[in-house]
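The next block is entry-v5.cif, given as mmCIF, C-alpha atoms.
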```
data_coords
loop_
_atom_site.label_atom_id
_atom_site.label_comp_id
_atom_site.auth_asym_id
_atom_site.auth_seq_id
_atom_site.Cartn_x
_atom_site.Cartn_y
_atom_site.Cartn_z
CA ALA X 1 114.49 90.36 119.45
CA ALA X 2 115.66 93.10 117.08
CA ALA X 3 112.06 94.14 116.44
CA ALA X 4 111.35 94.27 120.18
CA ILE X 5 114.44 96.28 121.13
CA PRO X 6 114.85 99.07 118.58
CA GLU X 7 118.22 100.23 120.00
CA MET X 8 119.76 97.13 118.38
CA ASN X 9 118.18 97.57 114.95
CA GLY X 10 119.01 100.59 112.86
CA HIS X 11 121.79 102.91 111.74
CA TYR X 12 124.02 105.48 113.39
CA ALA X 13 125.06 108.17 110.94
CA ASP X 14 125.78 111.89 111.02
CA GLY X 15 125.84 111.86 114.83
CA ALA X 16 122.38 110.39 115.29
CA PHE X 17 120.69 107.00 115.60
CA THR X 18 117.76 106.13 113.37
CA PRO X 19 115.87 102.99 114.42
CA ALA X 20 114.73 100.82 111.52
CA GLN X 21 111.06 100.19 110.85
CA ALA X 22 111.78 96.57 109.84
CA VAL X 23 114.48 94.01 110.65
CA HIS X 24 116.74 93.46 107.66
CA CYS X 25 119.06 90.88 109.19
CA GLY X 26 122.52 90.78 107.65
CA ILE X 27 124.11 87.34 107.61
CA GLY X 28 127.91 87.18 107.79
CA ILE X 29 129.00 84.96 104.90
CA ALA X 30 132.60 83.97 104.18
CA LEU X 31 133.49 84.21 100.52
CA ARG X 32 135.33 81.25 99.00
CA GLY X 33 138.19 83.43 97.75
CA GLY X 34 138.51 85.18 101.11
CA GLY X 35 136.75 88.07 102.73
CA LEU X 36 133.34 88.46 104.31
CA ILE X 37 130.06 89.98 103.20
CA ALA X 38 126.83 90.49 105.12
CA PRO X 39 123.81 90.53 102.78
CA ALA X 40 120.44 90.92 104.46
CA ILE X 41 117.29 88.86 104.80
CA ARG X 42 114.70 91.59 104.39
CA ASP X 43 111.75 91.78 106.82
CA ALA X 44 113.19 88.99 108.97
CA GLN X 45 110.70 89.82 111.73
CA ASP X 46 107.93 88.34 109.55
CA HIS X 47 109.57 84.88 109.20
CA ASP X 48 109.40 81.87 111.51
CA ALA X 49 112.53 79.83 112.24
CA ASP X 50 112.03 77.48 109.27
CA ALA X 51 111.53 80.35 106.83
CA LEU X 52 114.59 82.15 108.21
CA MET X 53 116.73 79.03 107.73
CA ALA X 54 115.47 78.61 104.15
CA ALA X 55 116.16 82.29 103.42
CA MET X 56 119.64 82.00 104.93
CA ARG X 57 120.51 78.92 102.84
CA ASP X 58 119.28 80.73 99.72
CA LEU X 59 121.28 83.85 100.60
CA VAL X 60 124.49 81.84 101.15
CA ARG X 61 124.03 80.01 97.83
CA ARG X 62 123.37 83.21 95.88
CA THR X 63 126.24 85.03 97.62
CA ARG X 64 128.72 82.36 96.63
CA THR X 65 127.47 82.28 93.03
CA GLY X 66 127.50 86.07 92.69
CA ARG X 67 123.74 86.52 92.34
CA LEU X 68 122.91 88.96 95.14
CA ARG X 69 120.52 91.86 94.69
CA ASN X 70 121.86 95.34 95.49
CA SER X 71 119.12 95.82 98.12
CA GLU X 72 120.37 92.73 99.99
CA VAL X 73 123.84 94.20 100.33
CA THR X 74 122.91 97.75 101.29
CA THR X 75 119.91 97.50 103.61
CA GLY X 76 121.06 95.49 106.64
CA THR X 77 119.93 96.89 109.99
CA ILE X 78 121.67 94.31 112.25
CA THR X 79 124.09 91.46 111.49
CA VAL X 80 124.22 87.86 112.70
CA SER X 81 127.44 85.94 112.33
CA ALA X 82 128.23 82.34 113.22
CA LEU X 83 131.53 80.52 113.10
CA GLY X 84 130.12 77.17 114.14
CA GLU X 85 131.61 75.33 111.19
CA THR X 86 135.09 76.43 112.30
CA GLY X 87 134.76 74.94 115.80
CA VAL X 88 134.97 78.32 117.57
CA ASP X 89 133.09 78.39 120.88
CA ALA X 90 132.43 82.14 120.93
CA LEU X 91 132.50 85.00 118.47
CA PHE X 92 133.22 88.59 119.43
CA GLY X 93 132.28 90.37 116.24
CA VAL X 94 132.95 93.79 114.82
CA ILE X 95 129.91 95.95 114.06
CA TYR X 96 129.26 96.59 110.37
CA PRO X 97 128.71 100.40 110.16
CA PRO X 98 126.35 102.17 110.00
CA GLN X 99 124.61 99.31 111.86
CA VAL X 100 124.75 99.43 115.66
CA ALA X 101 124.76 95.75 116.64
CA LEU X 102 126.14 92.34 115.68
CA VAL X 103 125.11 89.04 117.27
CA GLY X 104 127.68 86.24 117.17
CA PHE X 105 127.08 82.52 117.64
CA GLY X 106 129.72 79.90 118.39
CA THR X 107 129.65 76.17 117.74
CA PRO X 108 126.73 74.32 119.36
CA ARG X 109 128.13 71.71 121.77
CA LEU X 110 126.74 69.15 124.18
CA ARG X 111 127.25 70.33 127.75
CA PRO X 112 126.18 68.94 131.12
CA ILE X 113 123.19 71.00 132.25
CA VAL X 114 121.00 70.60 135.34
CA HIS X 115 117.42 70.22 134.13
CA LYS X 116 114.60 69.41 136.55
CA GLY X 117 117.11 68.34 139.20
CA ARG X 118 119.07 66.01 136.91
CA VAL X 119 122.32 66.51 135.03
CA GLU X 120 121.63 65.89 131.35
CA PRO X 121 123.55 66.50 128.14
CA ARG X 122 122.09 69.53 126.38
CA LEU X 123 123.04 71.20 123.15
CA CYS X 124 124.21 74.72 124.03
CA VAL X 125 125.58 77.64 122.04
CA THR X 126 127.32 80.80 123.15
CA ALA X 127 125.72 83.98 121.84
CA SER X 128 127.59 87.28 122.06
CA LEU X 129 126.67 90.86 121.26
CA ALA X 130 128.74 93.73 119.94
CA ALA X 131 126.78 96.96 120.29
CA ASP X 132 127.39 100.66 119.72
CA HIS X 133 127.45 102.32 123.14
CA ARG X 134 126.31 105.61 121.61
CA VAL X 135 122.91 103.95 121.14
CA SER X 136 122.56 101.26 123.83
CA ASP X 137 124.08 100.03 127.06
CA GLY X 138 124.82 96.74 128.79
CA ARG X 139 121.37 96.46 130.34
CA THR X 140 119.71 96.86 126.94
CA GLY X 141 122.13 94.32 125.49
CA ALA X 142 121.31 91.83 128.24
CA ARG X 143 117.56 92.20 127.57
CA PHE X 144 118.23 91.68 123.87
CA LEU X 145 120.28 88.50 124.41
CA ALA X 146 117.63 87.19 126.84
CA LEU X 147 114.98 87.61 124.12
CA ILE X 148 117.18 85.69 121.68
CA GLU X 149 117.62 82.91 124.24
CA ARG X 150 113.88 82.74 124.89
CA GLY X 151 113.12 82.66 121.15
CA LEU X 152 115.61 79.84 120.53
CA GLN X 153 114.20 77.80 123.40
CA GLU X 154 110.61 78.31 122.27
CA SER X 155 111.52 77.40 118.71
CA GLY X 156 113.22 74.20 119.91
CA GLU X 157 110.24 73.26 122.07
CA LYS X 158 107.83 73.74 119.14
CA GLU X 159 109.94 71.39 117.06
CA GLY X 160 109.96 68.80 119.86
CA LYS X 161 113.64 69.33 120.57
CA GLN X 162 115.24 69.77 123.95
CA PRO X 163 114.52 73.08 125.73
#
```
Rewritten as structure tokens:
Amino acid sequence: AAAAIPEMNGHYADGAFTPAQAVHCGIGIALRGGGLIAPAIRDAQDHDADALMAAMRDLVRRTRTGRLRNSEVTTGTITVSALGETGVDALFGVIYPPQVALVGFGTPRLRPIVHKGRVEPRLCVTASLAADHRVSDGRTGARFLALIERGLQESGEKEGKQP
């Protein structure tokens, strides 16, 4: 989604927006002693869902053992943050300057959803977007979130999980 909508992927500095050529997706990681850091998975647009999950697990492990590379800390172009492990349903994040967008995910929960005319339990998650209005607007943000939704659904269908 960040590769498809450049207004969500880049930096705002010195009064101007510069879209990024690649998606270096910062991952919000809580530090054990307190605080938060958002090191980046470089070239995230080139990874499928499995590779992104493996890269994220590796990044969390290396963050918590103090083995990050400088480039991972300084090159993020957009941040993703999730508070699922805390039980929070929605996250309204704060943008990490000079980035212009942050996507937040709450805790996935089973919810009653109408699917093909029947009410069925479906695993759902609330995704939110904080975006810099100097670069984008609500319509752009809605298109961006719709692309994320479509990507998550397609990924789940490929894995044989519920749509």
To test your reading of the syntax: which residues would the PyMOL selection byres ((chain X and resi 87-92) around 9) return for the file shown? Reply as a PDB file with C-alpha atoms, keeping the file's coordinate frame.
```pdb
ATOM      1  CA  SER X  81     127.440  85.940 112.330  1.00  0.00           C
ATOM      2  CA  ALA X  82     128.230  82.340 113.220  1.00  0.00           C
ATOM      3  CA  LEU X  83     131.530  80.520 113.100  1.00  0.00           C
ATOM      4  CA  GLY X  84     130.120  77.170 114.140  1.00  0.00           C
ATOM      5  CA  GLU X  85     131.610  75.330 111.190  1.00  0.00           C
ATOM      6  CA  THR X  86     135.090  76.430 112.300  1.00  0.00           C
ATOM      7  CA  GLY X  93     132.280  90.370 116.240  1.00  0.00           C
ATOM      8  CA  VAL X  94     132.950  93.790 114.820  1.00  0.00           C
ATOM      9  CA  LEU X 102     126.140  92.340 115.680  1.00  0.00           C
ATOM     10  CA  VAL X 103     125.110  89.040 117.270  1.00  0.00           C
ATOM     11  CA  GLY X 104     127.680  86.240 117.170  1.00  0.00           C
ATOM     12  CA  PHE X 105     127.080  82.520 117.640  1.00  0.00           C
ATOM     13  CA  GLY X 106     129.720  79.900 118.390  1.00  0.00           C
ATOM     14  CA  THR X 107     129.650  76.170 117.740  1.00  0.00           C
ATOM     15  CA  PRO X 108     126.730  74.320 119.360  1.00  0.00           C
ATOM     16  CA  ARG X 109     128.130  71.710 121.770  1.00  0.00           C
ATOM     17  CA  VAL X 125     125.580  77.640 122.040  1.00  0.00           C
ATOM     18  CA  THR X 126     127.320  80.800 123.150  1.00  0.00           C
ATOM     19  CA  ALA X 127     125.720  83.980 121.840  1.00  0.00           C
ATOM     20  CA  SER X 128     127.590  87.280 122.060  1.00  0.00           C
ATOM     21  CA  LEU X 129     126.670  90.860 121.260  1.00  0.00           C
ATOM     22  CA  ALA X 130     128.740  93.730 119.940  1.00  0.00           C
TER      23      ALA X 130
END
```
> Between X:Val73, X:Ala49, X:Ala55, X:Ala16, which one has atoms that come closest to Leu36 of chain X, using only C-alpha atoms?
Replying inline: X:Val73
> For the atom pair atom CA of Ile78 of chain X and atom CA of Val23 of chain X, what is the interatomic distance in Å to one decimal place?
Replying inline: 7.4 Å
>> Let me make sure I understand: among X:Thr79, X:Pro6, X:Asn70, X:Tyr12, which one has the smallest atom-to-atom distance to His24 of chain X if we use only C-alpha atoms?
In response: X:Thr79
> What is the distance, in Å and to one decimal place, between atom CA of Asp48 of chain X and atom CA of Gly10 of chain X?
Replying inline: 21.1 Å
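Atom CA of Thr18 of chain X sits 17.8 Å away from atom CA of Ala40 of chain X.
Counting all atoms listed in the file, the residue from X:Ile5, X:Ala13, X:Leu68, X:Leu152 that sits nearest to Arg134 of chain X is X:Ala13.
Nearest to Thr65 of chain X of all the residues X:Ala20, X:Leu31, X:Met53, X:Ala3 is X:Leu31, counting all atoms listed in the file.
Using all atoms listed in the file, the smallest distance between any of X:Gly156, X:Gly141, X:Gly151, X:Gly66 and Ile37 of chain X comes from X:Gly66.
Using all atoms listed in the file, the nearest neighbour of Gln45 of chain X within the list X:Glu154, X:Ile29, X:His133, X:Ala1 is X:Ala1.
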>> I'd like the contact shell of Cys25 of chain X - 10 Å cut-off, all atoms listed in the file, skipping same-chain residues fewer than 4 positions apart - returned as a ChimeraX atom specification.
In response: /X:2,9,38-45,52,56,72,75-80,102
>> Please return as a list in words every residue within 10 Å of (121.4, 101.7, 123.9), taking into account only C-alpha atoms and the file's own coordinates.
In response: Ile5, Pro6, Glu7, Met8, Phe17, Val100, Ala101, Ala131, Asp132, His133, Arg134, Val135, Ser136, Asp137, Gly138, Arg139, Thr140 and Gly141 of chain X
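Evaluated against this file, the PyMOL selection byres ((chain X and resi 110) around 6) yields Arg109, Arg111, Pro121, Arg122 and Leu123 of chain X.
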Can we get segment 24-38 of chain X of that structure written down with all heavy atoms, as an mmCIF file, in the first residue's frame?
```
data_model
loop_
_atom_site.group_PDB
_atom_site.id
_atom_site.type_symbol
_atom_site.label_atom_id
_atom_site.label_comp_id
_atom_site.auth_asym_id
_atom_site.auth_seq_id
_atom_site.Cartn_x
_atom_site.Cartn_y
_atom_site.Cartn_z
ATOM 1 N N HIS X 24 10.688 1.570 3.398
ATOM 2 C CA HIS X 24 11.486 1.118 4.536
ATOM 3 C C HIS X 24 10.554 1.231 5.747
ATOM 4 O O HIS X 24 10.426 2.290 6.349
ATOM 5 C CB HIS X 24 12.749 1.958 4.707
ATOM 6 C CG HIS X 24 13.648 1.960 3.500
ATOM 7 N ND1 HIS X 24 13.940 0.814 2.783
ATOM 8 C CD2 HIS X 24 14.291 2.958 2.878
ATOM 9 C CE1 HIS X 24 14.746 1.113 1.779
ATOM 10 N NE2 HIS X 24 14.969 2.417 1.813
ATOM 11 N N CYS X 25 9.891 0.136 6.046
ATOM 12 C CA CYS X 25 8.792 0.115 7.011
ATOM 13 C C CYS X 25 9.295 0.024 8.444
ATOM 14 O O CYS X 25 9.801 -1.015 8.867
ATOM 15 C CB CYS X 25 7.869 -1.063 6.693
ATOM 16 S SG CYS X 25 6.412 -1.100 7.737
ATOM 17 N N GLY X 26 9.163 1.119 9.181
ATOM 18 C CA GLY X 26 9.511 1.124 10.595
ATOM 19 C C GLY X 26 8.498 0.300 11.375
ATOM 20 O O GLY X 26 7.303 0.337 11.097
ATOM 21 N N ILE X 27 8.995 -0.460 12.341
ATOM 22 C CA ILE X 27 8.136 -1.285 13.186
ATOM 23 C C ILE X 27 8.264 -0.764 14.615
ATOM 24 O O ILE X 27 9.360 -0.769 15.177
ATOM 25 C CB ILE X 27 8.571 -2.773 13.141
ATOM 26 C CG1 ILE X 27 8.620 -3.295 11.699
ATOM 27 C CG2 ILE X 27 7.668 -3.627 14.021
ATOM 28 C CD1 ILE X 27 7.290 -3.346 11.008
ATOM 29 N N GLY X 28 7.153 -0.309 15.190
ATOM 30 C CA GLY X 28 7.174 0.177 16.569
ATOM 31 C C GLY X 28 7.442 -0.988 17.514
ATOM 32 O O GLY X 28 6.673 -1.944 17.555
ATOM 33 N N ILE X 29 8.548 -0.895 18.256
ATOM 34 C CA ILE X 29 8.938 -1.974 19.172
ATOM 35 C C ILE X 29 9.140 -1.392 20.565
ATOM 36 O O ILE X 29 9.931 -0.467 20.752
ATOM 37 C CB ILE X 29 10.238 -2.664 18.697
ATOM 38 C CG1 ILE X 29 10.037 -3.256 17.296
ATOM 39 C CG2 ILE X 29 10.674 -3.744 19.690
ATOM 40 C CD1 ILE X 29 11.312 -3.791 16.666
ATOM 41 N N ALA X 30 8.424 -1.949 21.539
ATOM 42 C CA ALA X 30 8.586 -1.528 22.930
ATOM 43 C C ALA X 30 9.874 -2.116 23.484
ATOM 44 O O ALA X 30 10.140 -3.305 23.321
ATOM 45 C CB ALA X 30 7.389 -1.993 23.760
ATOM 46 N N LEU X 31 10.644 -1.272 24.129
ATOM 47 C CA LEU X 31 11.877 -1.736 24.758
ATOM 48 C C LEU X 31 11.565 -2.273 26.141
ATOM 49 O O LEU X 31 10.684 -1.758 26.838
ATOM 50 C CB LEU X 31 12.888 -0.595 24.827
ATOM 51 C CG LEU X 31 13.286 -0.006 23.474
ATOM 52 C CD1 LEU X 31 14.156 1.228 23.667
ATOM 53 C CD2 LEU X 31 13.994 -1.046 22.632
ATOM 54 N N ARG X 32 12.270 -3.292 26.564
ATOM 55 C CA ARG X 32 11.989 -3.932 27.861
ATOM 56 C C ARG X 32 12.139 -2.967 29.039
ATOM 57 O O ARG X 32 11.416 -3.045 29.998
ATOM 58 C CB ARG X 32 12.887 -5.142 28.042
ATOM 59 C CG ARG X 32 12.603 -6.226 27.012
ATOM 60 C CD ARG X 32 13.109 -7.572 27.457
ATOM 61 N NE ARG X 32 13.130 -8.550 26.373
ATOM 62 C CZ ARG X 32 12.075 -9.169 25.895
ATOM 63 N NH1 ARG X 32 10.895 -8.893 26.356
ATOM 64 N NH2 ARG X 32 12.203 -10.055 24.922
ATOM 65 N N GLY X 33 13.075 -2.051 28.961
ATOM 66 C CA GLY X 33 13.278 -1.092 30.048
ATOM 67 C C GLY X 33 12.398 0.132 29.948
ATOM 68 O O GLY X 33 12.502 1.050 30.752
ATOM 69 N N GLY X 34 11.530 0.167 28.955
ATOM 70 C CA GLY X 34 10.658 1.314 28.722
ATOM 71 C C GLY X 34 11.077 2.054 27.469
ATOM 72 O O GLY X 34 12.207 1.966 27.015
ATOM 73 N N GLY X 35 10.149 2.760 26.894
ATOM 74 C CA GLY X 35 10.417 3.501 25.673
ATOM 75 C C GLY X 35 10.013 2.721 24.441
ATOM 76 O O GLY X 35 9.567 1.573 24.521
ATOM 77 N N LEU X 36 10.158 3.356 23.309
ATOM 78 C CA LEU X 36 9.748 2.784 22.034
ATOM 79 C C LEU X 36 10.763 3.181 20.981
ATOM 80 O O LEU X 36 11.309 4.283 21.011
ATOM 81 C CB LEU X 36 8.366 3.339 21.653
ATOM 82 C CG LEU X 36 7.692 2.798 20.418
ATOM 83 C CD1 LEU X 36 7.226 1.368 20.646
ATOM 84 C CD2 LEU X 36 6.498 3.667 20.063
ATOM 85 N N ILE X 37 11.019 2.285 20.059
ATOM 86 C CA ILE X 37 11.906 2.550 18.937
ATOM 87 C C ILE X 37 11.240 1.983 17.694
ATOM 88 O O ILE X 37 10.422 1.067 17.795
ATOM 89 C CB ILE X 37 13.303 1.927 19.176
ATOM 90 C CG1 ILE X 37 14.303 2.402 18.118
ATOM 91 C CG2 ILE X 37 13.231 0.423 19.276
ATOM 92 C CD1 ILE X 37 15.747 2.040 18.448
ATOM 93 N N ALA X 38 11.560 2.546 16.535
ATOM 94 C CA ALA X 38 10.921 2.085 15.296
ATOM 95 C C ALA X 38 11.962 1.806 14.217
ATOM 96 O O ALA X 38 12.049 2.520 13.221
ATOM 97 C CB ALA X 38 9.904 3.117 14.818
#
```
